[in-house]
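Single-structure report; data block below.
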Amino acid sequence: MTSLQEPLTPKEKVAFNKLQRRLRREVGRAIEDYNMIQEGDKIMVCLSGGKDSYTMLDLLISLQRSSPVKFELVAVNLDQKQPGFPEHVLPEYLEQNNVPYHILERDTYSIVKEKTPEGKTTCALCSRLRRGSLYGFAQEIGATKVALGHHRDDIIETLFLNMFHGGKLKAMPPKLRSDDGSNIVIRPLAYCREKDIAKFSALRNHPIIPCNLCGSQDNLQRQVIKQMLQEWDVKHPGRLENMFAAIQNVAPSQLADTSLFNFADLEQKHGEVKQQQRLDVVNLLH
């Protein structure tokens with residue numbers, strides 16, 4: 001991929017190589033744990049121009065070169081027609097690095113600005129329009145998987161956003177089927193920390209394209225959650241790791257969702273257990 005910023009001192013090169021190996025290992029583990037990629041997959045890598053999606057593309061290309069499982073990668077950028085969007089940046093970057101790509105042009109920017117009341121955040125509508133465009137295009141090009149650049153911090157932030165503002169205990173799964181049932185979505189960076197991704201992207205000198213919609217808003221609840229988690233990470237090392245581990249280690253019987261656990265029939269089940277115990281004793285005596 002792109003060359004590293006020069007010059008790097010020997011110590012910096014060692015640190016970069018260590019970081020690259022860790023990120024690659026974490027991506028490989030997530031892919032294995034959730035069976036994200038199978039033989040012959042055509043993976044549509046959604047490339048926004050931000051640090052996360054650039055890093056995801058870099059690591060998937062690296063894994064593709066050494067993986068015994070053969071799969072295809074194609075980068076797709078959704079040009080939402082934001083004013084001042086540098087249309088040349090991504091094509092030049094992808095051509096320079098011999099990455100097959102498509103630029104999908106959809107004027108979702110105008111729709112979002114028209115439909116969003118003054119002072120309200122644009123994220124929800126923008127996200128729905130973006131997902132709809134990308135999922136539809138994945139079917140057009142025959143992609144079997146859609147890869148998104150969400151990382152571990154995004155997943156934890158979403159957990160708290162849903163708890164604080166949605167009244168739901170849910171986050172972002174590393175792998176899911178889209179609501180319309182037509183696409184399998186994967187998040188290869190699910191185990192990666194944002195601060196590691198930021199360091200990697202800076203050393204890779206990725207040509208970052210800022211977002212002029214959600215990225216420029218100062219009233220986002222996600223930013224409040226992000227700041228809270230960053231403070232916890234500094235003051236309480238290991239807390240974020242424990243929270244992500246909790247997402248992977250759910251005990252439905254210790255929560256309160258009657259659709260996940262049959263609380264109503266606990267008495268009956270207790271009686272069945274006692275009866276089975278009595279039968280076991282009788283069988284032992286005989």
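Going by the structure tokens order, chains are called A, B, ..., each with residues numbered from 1, while ligands are numbered from 1 in the order shown.
Backbone DSSP assigns helix (DSSP H, G or I) in stretch 61-100 of chain A to Ile61, Ser62, Leu63, Gln64, Arg65, Ser66, Val89, Leu90, Pro91, Glu92, Tyr93, Leu94, Glu95 and Gln96 of chain A.
The space between atom CA of A:Pro91 and atom CA of A:Leu129 spans 22.5 Å.
Straight-line separation from atom CA of A:Arg177 to atom CA of A:Ile141: 17.8 Å.
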- Item | For atom CA of A:Pro86 and atom CA of A:Val146, the interatomic separation in Å (one decimal) |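 Atom CA of A:Pro86 sits 24.2 Å away from atom CA of A:Val146.
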- stretch 91-203 of chain A: residues DSSP assigns to strand (DSSP E or B), reported as a list in words: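 DSSP on the backbone gives strand (DSSP E or B) at Tyr101, His102, Ile103, Leu104, Glu105, Lys145, Val146, Ala147, Lys175, Leu176, Arg177, Ile184, Val185 and Ile186 of chain A.
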- Message: Could you check the closest approach to A:Gly84 for each of A:Lys18, A:Ile209, A:Leu266, A:Glu105 and tell me which residue wins, using only C-alpha atoms?
- Response: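 Of the candidates, the smallest distance to A:Gly84 is held by A:Ile209.
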- Name all residues at most 9 Å from A:Gly50 (count only C-alpha atoms; drop same-chain ones fewer than 2 positions away) and give them as a PyMOL selection string. chain A and resi 47-48+52-55+206-211
- Pick from A:Leu63, A:Val74, A:Leu189, A:Ala15 nearest to A:Ile43, counting only C-alpha atoms: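 For A:Ile43, the nearest of the given residues is A:Val74.
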- Message: Which residues are near A:Leu78? Cut-off 7 Å, only C-alpha atoms, ignore same chain within fewer than 6 positions. Put them as a list in words.
- Response: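 Using only C-alpha atoms, the neighbours found are Ile103, Leu104, Glu105 and Arg106 of chain A.
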